[in-house]
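Chemist: For reference, the file coords31.txt (compact mmCIF, C-alpha atoms) is included below:
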# COMPACT_ATOMS: atom_id res chain seq x y z
CA MET Z 2 19.24 -0.43 7.86
CA TYR Z 3 21.20 -3.34 6.38
CA GLY Z 4 24.11 -4.59 8.39
CA GLY Z 5 22.29 -5.38 11.65
CA VAL Z 6 18.91 -6.79 12.48
CA ALA Z 7 16.54 -5.39 9.86
CA VAL Z 8 13.06 -4.71 11.20
CA SER Z 9 11.58 -3.07 8.14
CA ALA Z 10 12.10 -2.49 4.47
CA LEU Z 11 14.87 -0.12 3.44
CA GLY Z 12 12.30 2.44 2.32
CA CYS Z 13 10.54 2.60 5.71
CA PRO Z 14 11.13 5.87 7.55
CA ASP Z 15 13.20 5.91 10.72
CA PRO Z 16 10.69 5.38 13.56
CA PHE Z 17 12.28 8.23 15.50
CA ALA Z 18 12.53 10.67 12.59
CA GLU Z 19 10.40 13.80 12.63
CA VAL Z 20 7.38 13.53 10.33
CA PRO Z 21 6.91 16.77 8.35
CA ALA Z 22 4.00 18.72 9.78
CA HIS Z 23 0.84 18.65 7.68
CA PRO Z 24 -2.76 19.39 8.68
CA CYS Z 25 -3.98 16.31 6.80
CA THR Z 26 -1.74 13.31 7.26
CA LEU Z 27 -2.18 9.64 8.07
CA LEU Z 28 1.57 9.31 8.69
CA ALA Z 29 1.43 10.88 12.16
CA ASP Z 30 -1.06 10.97 14.98
CA GLY Z 31 -3.51 13.82 14.48
CA PRO Z 32 -7.05 14.79 13.44
CA LEU Z 33 -7.10 12.52 10.38
CA THR Z 34 -5.98 9.37 12.20
CA THR Z 35 -8.42 10.11 15.03
CA THR Z 36 -11.28 10.38 12.54
CA LEU Z 37 -10.28 7.17 10.81
CA ARG Z 38 -10.13 5.28 14.10
CA ARG Z 39 -13.54 6.51 15.17
CA ALA Z 40 -15.06 5.81 11.74
CA VAL Z 41 -13.76 2.23 11.79
CA ARG Z 42 -15.13 1.72 15.30
CA VAL Z 43 -18.56 2.99 14.21
CA GLY Z 44 -18.40 0.51 11.33
CA GLN Z 45 -17.71 -2.22 13.88
CA ARG Z 46 -20.73 -0.99 15.88
CA LYS Z 47 -18.32 -0.35 18.77
CA GLY Z 48 -17.86 3.42 18.54
CA SER Z 49 -19.64 6.59 19.53
CA ARG Z 50 -21.41 8.41 16.73
CA GLN Z 51 -21.04 11.71 18.56
CA ARG Z 52 -17.30 11.21 18.95
CA LEU Z 53 -17.09 10.57 15.21
CA ARG Z 54 -19.00 13.79 14.53
CA ASP Z 55 -16.66 15.68 16.86
CA ALA Z 56 -13.63 14.31 15.01
CA LEU Z 57 -15.10 15.22 11.63
CA ASP Z 58 -15.66 18.78 12.82
CA ARG Z 59 -11.94 19.12 13.60
CA LEU Z 60 -10.81 18.22 10.08
CA PRO Z 61 -9.59 21.09 7.91
CA PRO Z 62 -11.43 21.71 4.64
CA ALA Z 63 -9.88 20.70 1.34
CA PRO Z 64 -8.31 23.57 -0.62
CA THR Z 65 -10.30 25.00 -3.50
CA GLY Z 66 -9.30 26.64 -6.75
CA ASP Z 67 -6.06 25.95 -8.61
CA LEU Z 68 -3.46 23.64 -7.13
CA LEU Z 69 -1.15 25.37 -4.68
CA PRO Z 70 2.64 25.34 -5.22
CA GLY Z 71 3.97 21.96 -4.08
CA GLU Z 72 0.50 20.63 -3.29
CA SER Z 73 0.50 17.92 -5.93
CA SER Z 74 4.08 16.71 -5.42
CA GLY Z 75 3.58 16.57 -1.65
CA ALA Z 76 0.27 14.73 -1.78
CA SER Z 77 -0.17 10.98 -1.54
CA ALA Z 78 -2.67 8.41 -0.38
CA PHE Z 79 -1.51 9.24 3.15
CA VAL Z 80 -0.97 13.01 2.96
CA GLY Z 81 -3.08 15.94 1.80
CA ALA Z 82 -6.43 16.00 0.03
CA PRO Z 83 -6.23 12.36 -1.16
CA ALA Z 84 -5.84 11.16 2.43
CA LEU Z 85 -8.62 13.50 3.55
CA ALA Z 86 -10.92 12.15 0.83
CA ALA Z 87 -10.08 8.55 1.76
CA VAL Z 88 -10.89 9.10 5.44
CA LEU Z 89 -14.08 11.03 4.67
CA ARG Z 90 -15.17 8.17 2.40
CA VAL Z 91 -14.69 5.69 5.25
CA ALA Z 92 -16.56 8.01 7.62
CA THR Z 93 -19.51 8.74 5.33
CA THR Z 94 -19.81 5.06 4.43
CA ASN Z 95 -19.75 3.80 8.01
CA ALA Z 96 -21.69 6.63 9.68
CA PRO Z 97 -25.47 6.80 10.11
CA ASP Z 98 -27.38 8.57 7.34
CA ASP Z 99 -27.69 11.87 9.18
CA ILE Z 100 -23.94 12.19 9.82
CA ALA Z 101 -23.11 11.02 6.29
CA ALA Z 102 -25.42 13.67 4.81
CA ASP Z 103 -23.93 16.45 6.95
CA TYR Z 104 -20.39 15.79 5.70
CA ARG Z 105 -21.17 14.77 2.13
CA GLN Z 106 -20.18 18.13 0.65
CA ARG Z 107 -16.84 18.18 2.46
CA PHE Z 108 -16.15 14.70 1.13
CA GLU Z 109 -17.04 15.72 -2.43
CA GLU Z 110 -14.74 18.75 -2.22
CA ALA Z 111 -11.81 16.60 -1.08
CA ASP Z 112 -12.61 13.97 -3.72
CA ALA Z 113 -12.64 16.63 -6.43
CA ARG Z 114 -9.24 17.83 -5.19
CA LEU Z 115 -7.98 14.25 -5.56
CA ASP Z 116 -8.90 14.43 -9.26
CA LEU Z 117 -6.81 17.57 -9.77
CA ILE Z 118 -3.81 16.04 -8.02
CA VAL Z 119 -4.00 12.79 -9.95
CA ARG Z 120 -4.21 14.58 -13.30
CA ASP Z 121 -1.20 16.72 -12.39
CA ARG Z 122 0.83 13.68 -11.33
CA LEU Z 123 -0.18 11.82 -14.49
CA TRP Z 124 0.97 14.76 -16.63
CA ALA Z 125 4.36 14.74 -14.87
CA ALA Z 126 4.72 10.95 -15.26
CA TYR Z 127 3.93 11.02 -18.98
CA ARG Z 128 6.33 13.91 -19.53
CA ARG Z 129 9.10 11.86 -17.89
CA LEU Z 130 8.21 8.79 -19.97
CA ASP Z 131 8.41 10.90 -23.12
CA GLU Z 132 11.83 12.15 -22.04
CA ARG Z 133 12.96 8.53 -21.42
CA THR Z 134 14.48 9.35 -18.04
CA GLY Z 135 14.25 7.10 -15.00
CA PRO Z 136 11.49 7.59 -12.41
CA ALA Z 137 11.81 8.60 -8.81
CA ARG Z 138 10.17 6.30 -6.29
CA ALA Z 139 7.76 9.08 -5.37
CA GLU Z 140 6.31 8.95 -8.89
CA PHE Z 141 4.85 5.45 -8.65
CA SER Z 142 4.89 4.00 -5.13
CA VAL Z 143 1.94 3.24 -2.88
CA ARG Z 144 3.44 5.23 -0.03
CA GLU Z 145 4.21 8.37 -2.04
CA GLY Z 146 3.03 8.12 -5.62
CA LEU Z 147 0.50 7.17 -8.26
CA ALA Z 148 -0.05 3.61 -7.05
CA GLY Z 149 -1.37 4.96 -3.76
CA LEU Z 150 -3.45 7.60 -5.53
CA GLY Z 151 -4.82 4.86 -7.77
CA LEU Z 152 -5.88 2.93 -4.68
CA CYS Z 153 -7.77 6.06 -3.56
CA LEU Z 154 -9.58 6.14 -6.91
CA LEU Z 155 -10.32 2.44 -6.59
CA GLN Z 156 -12.55 3.24 -3.62
CA ARG Z 157 -15.09 4.81 -5.96
CA PRO Z 158 -18.00 2.58 -6.98
CA GLY Z 159 -18.37 1.61 -10.60
CA PRO Z 160 -15.96 2.28 -13.46
CA ASP Z 161 -13.92 5.43 -12.92
CA PRO Z 162 -12.30 6.92 -16.04
CA LEU Z 163 -9.49 8.55 -14.09
CA LEU Z 164 -8.55 5.19 -12.55
CA ALA Z 165 -8.34 3.77 -16.07
CA ASN Z 166 -5.98 6.65 -16.95
CA VAL Z 167 -3.74 5.74 -14.00
CA VAL Z 168 -3.74 2.06 -15.01
CA GLU Z 169 -2.82 3.04 -18.58
CA CYS Z 170 0.11 5.05 -17.26
CA PHE Z 171 1.37 2.08 -15.24
CA VAL Z 172 1.00 -0.21 -18.23
CA GLU Z 173 3.22 2.16 -20.21
CA LEU Z 174 5.68 2.39 -17.29
CA VAL Z 175 5.99 -1.40 -17.06
CA LEU Z 176 6.16 -2.04 -20.80
CA SER Z 177 8.72 0.73 -21.29
CA GLY Z 178 11.29 -1.61 -19.75
CA ARG Z 179 10.50 -4.70 -21.84
CA GLY Z 180 13.60 -5.91 -23.64
CA GLU Z 181 15.80 -3.69 -21.48
CA PRO Z 182 18.18 -4.95 -18.78
CA ARG Z 183 16.38 -2.84 -16.17
CA PRO Z 184 12.62 -2.61 -15.63
CA GLY Z 185 10.62 0.56 -16.13
CA TRP Z 186 10.40 1.13 -12.38
CA TRP Z 187 14.19 1.14 -11.86
CA VAL Z 188 15.16 4.10 -9.65
CA HIS Z 189 18.58 5.74 -10.02
CA ASP Z 190 19.04 6.55 -6.35
CA SER Z 191 19.23 5.04 -2.88
CA PRO Z 192 16.25 3.00 -1.61
CA CYS Z 193 16.58 4.50 1.86
CA HIS Z 194 13.73 6.79 2.81
CA ASP Z 195 16.07 9.74 3.38
CA LEU Z 196 18.03 8.87 0.20
CA SER Z 197 21.13 8.32 2.32
CA GLU Z 198 23.93 5.91 1.41
CA ARG Z 199 23.83 7.07 -2.21
CA LYS Z 200 27.44 6.00 -2.74
CA GLU Z 201 26.42 2.41 -2.02
CA TRP Z 202 23.91 2.49 -4.89
CA PRO Z 203 25.87 3.78 -7.91
CA HIS Z 204 23.62 1.94 -10.36
CA GLY Z 205 20.34 2.57 -8.55
CA HIS Z 206 17.92 -0.15 -7.58
CA ALA Z 207 14.56 -1.80 -8.07
CA ASP Z 208 12.43 -2.10 -4.94
CA LEU Z 209 10.27 -5.23 -4.76
CA SER Z 210 8.17 -4.28 -1.72
CA LEU Z 211 4.49 -3.36 -1.66
CA PRO Z 212 4.69 0.15 -0.15
CA ASP Z 213 7.67 1.36 -2.17
CA GLY Z 214 8.18 -0.89 -5.17
CA SER Z 215 6.84 -3.09 -7.92
CA ALA Z 216 4.55 -5.11 -5.63
CA GLY Z 217 2.52 -1.94 -5.16
CA ILE Z 218 2.24 -1.50 -8.93
CA LEU Z 219 1.17 -5.14 -9.29
CA ALA Z 220 -1.39 -4.87 -6.49
CA LEU Z 221 -3.04 -1.83 -8.07
CA LEU Z 222 -3.16 -3.42 -11.54
CA ALA Z 223 -4.57 -6.67 -10.14
CA LEU Z 224 -7.22 -4.98 -8.01
CA ALA Z 225 -8.22 -2.68 -10.86
CA ARG Z 226 -8.57 -5.61 -13.24
CA SER Z 227 -10.60 -7.56 -10.71
CA GLN Z 228 -12.87 -4.51 -10.32
CA GLY Z 229 -13.55 -4.43 -14.07
CA VAL Z 230 -10.95 -1.96 -15.38
CA SER Z 231 -9.87 -2.94 -18.87
CA VAL Z 232 -7.11 -1.16 -20.77
CA TYR Z 233 -4.93 -2.31 -23.66
CA GLY Z 234 -1.84 -4.21 -22.51
CA LEU Z 235 -2.97 -4.65 -18.89
CA ASP Z 236 -2.54 -8.42 -18.75
CA VAL Z 237 0.82 -8.22 -20.51
CA ALA Z 238 2.00 -5.63 -18.03
CA MET Z 239 0.85 -7.72 -15.07
CA ARG Z 240 2.60 -10.83 -16.40
CA THR Z 241 5.74 -8.77 -17.01
CA VAL Z 242 5.87 -7.80 -13.34
CA VAL Z 243 5.07 -11.38 -12.28
CA GLU Z 244 7.96 -12.66 -14.40
CA TRP Z 245 10.25 -10.17 -12.64
CA TYR Z 246 9.35 -11.81 -9.33
CA ARG Z 247 9.81 -15.28 -10.78
CA ALA Z 248 13.27 -14.29 -12.05
CA HIS Z 249 14.30 -12.96 -8.64
CA GLN Z 250 12.63 -15.61 -6.52
CA ARG Z 251 14.90 -17.35 -4.05
CA THR Z 252 14.27 -20.47 -1.99
CA ASP Z 253 15.18 -21.14 1.61
CA GLU Z 254 16.61 -24.36 3.00
CA THR Z 255 13.15 -25.95 3.00
CA GLY Z 256 12.57 -25.10 -0.66
CA TYR Z 257 9.99 -22.37 -0.15
CA ALA Z 258 10.04 -19.04 -1.95
CA TRP Z 259 11.14 -15.63 -0.72
CA TRP Z 260 12.12 -12.39 -2.45
CA PRO Z 261 14.66 -9.68 -1.72
CA ASP Z 262 13.56 -6.22 -0.68
CA VAL Z 263 15.79 -4.58 -3.25
CA VAL Z 264 17.70 -5.58 -6.38
CA THR Z 265 20.76 -3.56 -7.37
CA ASP Z 266 21.91 -5.67 -10.31
CA PRO Z 267 19.41 -6.35 -13.10
CA GLU Z 268 21.02 -9.72 -13.83
CA PRO Z 269 19.64 -11.98 -11.06
CA ASP Z 270 22.20 -14.78 -11.43
CA SER Z 271 25.41 -12.80 -11.94
CA ALA Z 272 26.36 -12.27 -8.30
CA PRO Z 273 23.37 -12.80 -6.03
CA GLU Z 274 25.36 -12.29 -2.86
CA LEU Z 275 26.23 -8.78 -4.04
CA HIS Z 276 23.03 -7.54 -5.57
CA LEU Z 277 20.39 -8.55 -3.03
CA ARG Z 278 19.27 -6.89 0.16
CA GLN Z 279 17.73 -9.96 1.67
CA ALA Z 280 14.20 -9.89 2.99
CA ASN Z 281 14.62 -13.12 4.95
CA HIS Z 282 16.15 -11.07 7.77
CA SER Z 283 13.20 -8.67 7.94
CA ALA Z 284 9.89 -8.86 9.72
CA PRO Z 285 7.31 -10.51 7.43
CA GLY Z 286 4.91 -7.59 7.30
CA TRP Z 287 3.27 -5.26 4.78
CA CYS Z 288 6.69 -3.87 3.84
CA GLY Z 289 8.25 -7.35 3.62
CA THR Z 290 7.51 -10.81 2.31
CA LEU Z 291 3.82 -10.84 3.21
CA GLY Z 292 3.20 -7.67 1.23
CA ILE Z 293 4.94 -9.17 -1.81
CA ALA Z 294 3.09 -12.46 -1.38
CA ARG Z 295 -0.28 -10.72 -1.17
CA SER Z 296 0.42 -8.76 -4.36
CA LEU Z 297 1.33 -11.95 -6.20
CA GLN Z 298 -1.80 -13.67 -4.89
CA LEU Z 299 -3.97 -10.78 -6.10
CA ALA Z 300 -2.29 -11.02 -9.51
CA GLY Z 301 -2.85 -14.76 -9.58
CA ILE Z 302 -6.54 -14.27 -8.80
CA ALA Z 303 -6.93 -11.58 -11.47
CA LEU Z 304 -5.12 -13.64 -14.11
CA GLY Z 305 -6.58 -17.01 -13.12
CA ASP Z 306 -3.09 -18.34 -12.35
CA ASP Z 307 -3.54 -20.98 -9.63
CA GLU Z 308 0.17 -21.81 -9.52
CA LEU Z 309 1.03 -18.19 -8.76
CA CYS Z 310 -1.58 -18.09 -5.99
CA GLU Z 311 -0.15 -21.26 -4.47
CA THR Z 312 3.40 -19.90 -4.59
CA ALA Z 313 2.26 -16.72 -2.86
CA VAL Z 314 0.43 -18.54 -0.05
CA ASP Z 315 3.35 -20.93 0.48
CA ALA Z 316 5.74 -17.98 0.73
CA ALA Z 317 3.52 -16.24 3.26
CA CYS Z 318 3.30 -19.37 5.41
CA THR Z 319 7.05 -19.85 5.30
CA ALA Z 320 7.73 -16.24 6.28
CA LEU Z 321 5.37 -16.54 9.25
CA MET Z 322 6.98 -19.77 10.41
CA ARG Z 323 10.51 -18.52 9.93
CA ASP Z 324 10.63 -14.80 10.64
CA THR Z 325 8.11 -13.77 13.31
CA HIS Z 326 11.00 -13.44 15.78
CA GLU Z 327 12.04 -10.39 13.72
CA PHE Z 328 9.03 -8.39 14.93
CA PHE Z 329 10.44 -5.62 17.11
CA TRP Z 330 7.76 -3.00 16.47
CA GLY Z 331 4.00 -3.10 16.44
CA GLY Z 332 1.93 -1.65 13.62
CA LEU Z 333 0.64 -2.31 10.14
CA CYS Z 334 3.84 -1.69 8.19
CA HIS Z 335 6.35 -4.02 9.84
CA GLY Z 336 4.50 -5.29 12.91
CA PRO Z 337 2.55 -8.47 13.64
CA GLN Z 338 -0.78 -6.63 13.32
CA GLY Z 339 -0.13 -5.89 9.64
CA ALA Z 340 1.01 -9.46 9.09
CA ALA Z 341 -2.16 -10.78 10.72
CA LEU Z 342 -4.35 -8.51 8.59
CA ILE Z 343 -2.69 -9.67 5.36
CA ALA Z 344 -2.76 -13.31 6.48
CA LYS Z 345 -6.51 -13.06 7.07
CA ARG Z 346 -7.04 -11.54 3.65
CA MET Z 347 -4.93 -14.22 2.00
CA PHE Z 348 -6.69 -16.98 3.92
CA ARG Z 349 -10.11 -15.68 2.87
CA ASP Z 350 -9.16 -15.57 -0.81
CA ALA Z 351 -7.30 -18.89 -0.75
CA GLY Z 352 -10.41 -20.66 0.48
CA GLY Z 353 -8.47 -22.69 3.01
CA PRO Z 354 -6.37 -22.25 6.15
CA PHE Z 355 -2.69 -21.54 6.36
CA SER Z 356 -0.58 -24.22 7.95
CA ASP Z 357 -1.13 -24.74 11.68
CA ALA Z 358 2.52 -23.91 12.32
CA ALA Z 359 2.24 -20.55 10.54
CA VAL Z 360 -0.93 -19.63 12.41
CA GLY Z 361 0.68 -20.61 15.71
CA GLU Z 362 3.76 -18.47 15.09
CA LEU Z 363 1.62 -15.49 14.16
CA ARG Z 364 -0.56 -15.90 17.24
CA THR Z 365 2.57 -15.96 19.41
CA ALA Z 366 3.81 -12.76 17.76
CA LEU Z 367 0.47 -11.04 18.34
CA ASP Z 368 0.64 -11.98 22.01
CA TRP Z 369 3.76 -9.85 22.45
CA LYS Z 370 1.83 -7.06 24.15
CA ALA Z 371 4.96 -5.03 24.89
CA LEU Z 372 5.88 -4.37 21.25
CA PRO Z 373 6.11 -0.58 20.90
CA THR Z 374 4.71 1.49 18.07
CA THR Z 375 6.41 4.57 16.66
CA PRO Z 376 5.95 7.54 19.01
CA ARG Z 377 3.16 9.68 17.59
CA GLY Z 378 3.13 7.37 14.59
CA GLY Z 379 0.27 7.25 12.14
CA LEU Z 380 -1.69 4.57 10.33
CA LEU Z 381 1.32 2.63 9.08
CA ASP Z 382 3.54 2.45 12.15
CA GLY Z 383 1.60 3.94 15.05
CA ALA Z 384 -1.00 2.88 17.57
CA VAL Z 385 -3.91 3.85 15.31
CA GLY Z 386 -2.96 1.11 12.83
CA VAL Z 387 -3.03 -1.44 15.63
CA GLN Z 388 -6.39 -0.15 16.86
CA VAL Z 389 -8.24 -0.18 13.53
CA SER Z 390 -7.00 -3.68 12.71
CA GLN Z 391 -8.23 -5.22 15.95
CA THR Z 392 -11.30 -5.49 18.10
CA PRO Z 393 -11.50 -2.78 20.81
CA ASP Z 394 -10.20 -5.20 23.45
CA LYS Z 395 -7.26 -6.15 21.16
CA SER Z 396 -8.24 -9.80 21.41
CA GLU Z 397 -8.56 -10.44 17.69
CA THR Z 398 -7.48 -9.14 14.30
CA VAL Z 399 -10.66 -8.25 12.46
CA LEU Z 400 -11.39 -7.45 8.82
CA PRO Z 401 -13.97 -4.81 7.91
CA SER Z 402 -17.37 -6.44 7.64
CA PRO Z 403 -19.35 -6.45 4.36
CA GLY Z 404 -21.33 -3.26 3.89
CA THR Z 405 -18.74 -1.15 5.70
CA ALA Z 406 -15.78 0.70 4.23
CA GLN Z 407 -12.88 -1.65 3.49
CA TRP Z 408 -10.32 0.75 4.93
CA ASP Z 409 -7.39 -1.64 4.34
CA SER Z 410 -7.91 -1.37 0.57
CA LEU Z 411 -5.86 1.83 0.93
CA LEU Z 412 -2.88 -0.44 1.69
CA GLY Z 413 -3.34 -2.39 -1.54
CA VAL Z 414 -4.20 -5.65 0.22
CA ALA Z 415 -7.98 -5.74 -0.30
CA ALA Z 416 -10.61 -4.97 -2.90
CA PRO Z 417 -12.98 -2.18 -1.86
CA ARG Z 418 -16.60 -3.16 -1.45
CA PRO Z 419 -18.31 0.21 -1.02
CA ALA Z 420 -21.74 0.46 0.53
CA SER Z 421 -24.66 1.00 -1.83
CA ARG Z 422 -25.12 4.64 -0.86
CA ALA Z 423 -21.53 5.60 -1.75
CA VAL Z 424 -21.04 8.58 -4.04
CA PRO Z 425 -21.01 7.69 -7.76
CA ALA Z 426 -17.87 8.19 -9.78
CA ARG Z 427 -17.31 11.70 -11.07
CA PRO Z 428 -17.02 12.13 -14.86
CA LEU Z 429 -13.87 13.63 -16.29
CA LEU Z 430 -13.83 17.32 -17.10
CA GLY Z 431 -15.67 17.98 -20.34
CA GLU Z 432 -17.86 14.88 -20.06
CA SER Z 433 -21.53 14.96 -19.23
CA ALA Z 434 -22.64 13.53 -15.92
Any chance you could put this one into structure tokens?

Modeler:
Amino acid sequence: MYGGVAVSALGCPDPFAEVPAHPCTLLADGPLTTTLRRAVRVGQRKGSRQRLRDALDRLPPAPTGDLLPGESSGASAFVGAPALAAVLRVATTNAPDDIAADYRQRFEEADARLDLIVRDRLWAAYRRLDERTGPARAEFSVREGLAGLGLCLLQRPGPDPLLANVVECFVELVLSGRGEPRPGWWVHDSPCHDLSERKEWPHGHADLSLPDGSAGILALLALARSQGVSVYGLDVAMRTVVEWYRAHQRTDETGYAWWPDVVTDPEPDSAPELHLRQANHSAPGWCGTLGIARSLQLAGIALGDDELCETAVDAACTALMRDTHEFFWGGLCHGPQGAALIAKRMFRDAGGPFSDAAVGELRTALDWKALPTTPRGGLLDGAVGVQVSQTPDKSETVLPSPGTAQWDSLLGVAAPRPASRAVPARPLLGESA
């Protein structure tokens, strides 16, 4: 919450709030997070295959038949059949052949359910675009909406026609705001997760973060383009979002870039002290400056824009040198473990090390063993996120190795590199296989 020490983006849920019960969720500790943890450990050659099989047996099956009331609107990359499909993909990719074969059908059923949900959400998004009304954050965000579902589709090997449909929808969303004072992703409500403080946001807002805002849109478009997706207007849409970040870029006292979490006034120079919720007082994690910087780096790579890549890396280094003292929670969302994961990804793609000072600050933050995670938290803010991002002894942040499932691609920070035996993309209804 703004007005004290901010430890996360405005859209991050209260760490002590009750997470709605759901049999398939990655947002709270449960069967799905247990399976993910064990699947990642098997991929690291550090886990028990039998324990993975036991966890898989405890997962509920995906629904079949028509979509249930509320199923589509309540589903996301982290809840429901899409989350189940994502975890089963990690498990069947990392597991030995015999385990993968035993659970292949369950994976295919969940993956087919993902298709139904995505088509339903696309239909709703296009209907809103036709009506020319503003979107809700849950329509497009990584945490709740189509950007996260698109990242689930991105896990599939080869060109996926449904992913192209999602990218086309985002291109239309972005370009619908060209020439207007507010971008197409402007939300006419509060950015707080519980939609509180509505009176403080009479004109709505645009969220710039990766989990809840335009950085998530940009990450999906960039990753899709880098994976070979080509739709009309994609590059224009990506550059439109990039220009939004350039227009709202701020510099600190050393001259390095940072971005606000939220913009409440579409004119960036009219009254900056009134229209910004500043990210320089937040932890530099997935939901903060590092998430934004990674999205811009991915866009720079996809577009061949070296200057954009350099700006992104410089901003990440500055955030790590300046703001690691703001880490008060562990986890992937706004903890040092998420920052370390993104920093490693950025370092690998930049082809060179971050500054020694930035690496030193991050290492110090990771050494804070007492940082708590959200009680019974899930992948984003709980202990499971810490566990899958580190070696079993917690001595090192580790990226998924080649040939294993790139589980962090679900966060929009990495390109998936599925194993060769992964299930081929499913054709759209009415097409031949």

Chemist: Could you give me, as a tab-separated table, every region 73-151 of chain Z residue with an atom at most 10 Å from region 181-195 of chain Z, plus its closest atom pair and distance in Å to one decimal, counting only C-alpha atoms, rows ordered by chain then number?

Modeler:
residue	atom	partner	partner_atom	distance
Z:Leu130	CA	Z:Gly185	CA	9.4
Z:Arg133	CA	Z:Gly185	CA	9.8
Z:Thr134	CA	Z:His189	CA	9.7
Z:Gly135	CA	Z:Val188	CA	6.2
Z:Pro136	CA	Z:Val188	CA	5.8
Z:Ala137	CA	Z:Val188	CA	5.7
Z:Arg138	CA	Z:Val188	CA	6.4
Z:Ala139	CA	Z:Val188	CA	9.9
Z:Glu140	CA	Z:Trp186	CA	9.5
Z:Phe141	CA	Z:Trp186	CA	8.0
Z:Ser142	CA	Z:Trp186	CA	9.5

Chemist: Have a look at Z:Arg114, Z:Arg107, Z:Arg42, Z:His206 and name the one nearest to Pro83 (chain Z); count only C-alpha atoms.

Modeler: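 Checking each of Z:Arg114, Z:Arg107, Z:Arg42, Z:His206 against Pro83 (chain Z), counting only C-alpha atoms, the winner is Z:Arg114.
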
Chemist: Need the shell around Glu72 (chain Z): protein/DNA/RNA residues with any atom at most 9 Å away, counting all atoms listed in the file. Skip same-chain ones fewer than 2 positions apart. Format as JSON, numbers by chain?

Modeler: {"Z": [68, 69, 70, 74, 75, 76, 81, 82, 118]}

Chemist: Next, the residues of the selection above should be written as a short mmCIF file (atom, residue, chain, number, x, y, z; two decimals), in the coordinates of the input with C-alpha atoms.

Modeler:
data_model
loop_
_atom_site.label_atom_id
_atom_site.label_comp_id
_atom_site.auth_asym_id
_atom_site.auth_seq_id
_atom_site.Cartn_x
_atom_site.Cartn_y
_atom_site.Cartn_z
CA LEU Z 68 -3.46 23.64 -7.13
CA LEU Z 69 -1.15 25.37 -4.68
CA PRO Z 70 2.64 25.34 -5.22
CA SER Z 74 4.08 16.71 -5.42
CA GLY Z 75 3.58 16.57 -1.65
CA ALA Z 76 0.27 14.73 -1.78
CA GLY Z 81 -3.08 15.94 1.80
CA ALA Z 82 -6.43 16.00 0.03
CA ILE Z 118 -3.81 16.04 -8.02
#

Chemist: Figure out the distance between CA of Ala29 (chain Z) and CA of Leu152 (chain Z), please, to one decimal in Å.

Modeler: 20.0 Å

Chemist: Can you tell me, as a list in words, what residues are no more than 8 Å from region 238-248 of chain Z when counting all atoms listed in the file, ignoring any on the same chain fewer than 6 positions away?

Modeler: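 Residues meeting the cut-off are Val172, Val175, Leu176, Arg179, Ser215, Leu219, Leu222, Ala223, Trp260, Pro269, Leu297 and Ala300 of chain Z.
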
Chemist: Suppose you want the space between CA of Leu28 (chain Z) and CA of Leu221 (chain Z); what is it in Å?

Modeler: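 One can read the CA of Leu28 (chain Z) to CA of Leu221 (chain Z) distance as 20.6 Å.
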
Chemist: So the first atom is CA of Arg38 (chain Z) and the second is CA of Gln338 (chain Z); what is the distance between them in Å, to one decimal place?

Modeler: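 Between CA of Arg38 (chain Z) and CA of Gln338 (chain Z) the gap is 15.2 Å.
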
Chemist: Given all atoms listed in the file as the basis, pick out the residue of Z:Tyr104, Z:Asp58, Z:Ala416, Z:Phe329 nearest to Gln228 (chain Z).

Modeler: Z:Ala416

Chemist: Select, from Z:Leu299, Z:Ala351, Z:Ala126, Z:Leu291, the residue with the minimum atom-to-atom distance to Thr319 (chain Z), counting all atoms listed in the file.

Modeler: Z:Leu291

Chemist: Taking 6 positions as the minimum chain separation for residues in the same chain, which residues sit within 12 Å of Cys288 (chain Z) when counting all atoms listed in the file? Answer as number ranges by chain.

Modeler: Z: 7-14, 143-144, 208-217, 260-263, 280, 294-296, 332-337, 339-340, 343, 381-382, 412-414

Chemist: Can I get the selection written as a compact mmCIF listing (two decimals), in the frame of the given file, with C-alpha atoms?

Modeler:
# COMPACT_ATOMS: atom_id res chain seq x y z
CA ALA Z 7 16.54 -5.39 9.86
CA VAL Z 8 13.06 -4.71 11.20
CA SER Z 9 11.58 -3.07 8.14
CA ALA Z 10 12.10 -2.49 4.47
CA LEU Z 11 14.87 -0.12 3.44
CA GLY Z 12 12.30 2.44 2.32
CA CYS Z 13 10.54 2.60 5.71
CA PRO Z 14 11.13 5.87 7.55
CA VAL Z 143 1.94 3.24 -2.88
CA ARG Z 144 3.44 5.23 -0.03
CA ASP Z 208 12.43 -2.10 -4.94
CA LEU Z 209 10.27 -5.23 -4.76
CA SER Z 210 8.17 -4.28 -1.72
CA LEU Z 211 4.49 -3.36 -1.66
CA PRO Z 212 4.69 0.15 -0.15
CA ASP Z 213 7.67 1.36 -2.17
CA GLY Z 214 8.18 -0.89 -5.17
CA SER Z 215 6.84 -3.09 -7.92
CA ALA Z 216 4.55 -5.11 -5.63
CA GLY Z 217 2.52 -1.94 -5.16
CA TRP Z 260 12.12 -12.39 -2.45
CA PRO Z 261 14.66 -9.68 -1.72
CA ASP Z 262 13.56 -6.22 -0.68
CA VAL Z 263 15.79 -4.58 -3.25
CA ALA Z 280 14.20 -9.89 2.99
CA ALA Z 294 3.09 -12.46 -1.38
CA ARG Z 295 -0.28 -10.72 -1.17
CA SER Z 296 0.42 -8.76 -4.36
CA GLY Z 332 1.93 -1.65 13.62
CA LEU Z 333 0.64 -2.31 10.14
CA CYS Z 334 3.84 -1.69 8.19
CA HIS Z 335 6.35 -4.02 9.84
CA GLY Z 336 4.50 -5.29 12.91
CA PRO Z 337 2.55 -8.47 13.64
CA GLY Z 339 -0.13 -5.89 9.64
CA ALA Z 340 1.01 -9.46 9.09
CA ILE Z 343 -2.69 -9.67 5.36
CA LEU Z 381 1.32 2.63 9.08
CA ASP Z 382 3.54 2.45 12.15
CA LEU Z 412 -2.88 -0.44 1.69
CA GLY Z 413 -3.34 -2.39 -1.54
CA VAL Z 414 -4.20 -5.65 0.22
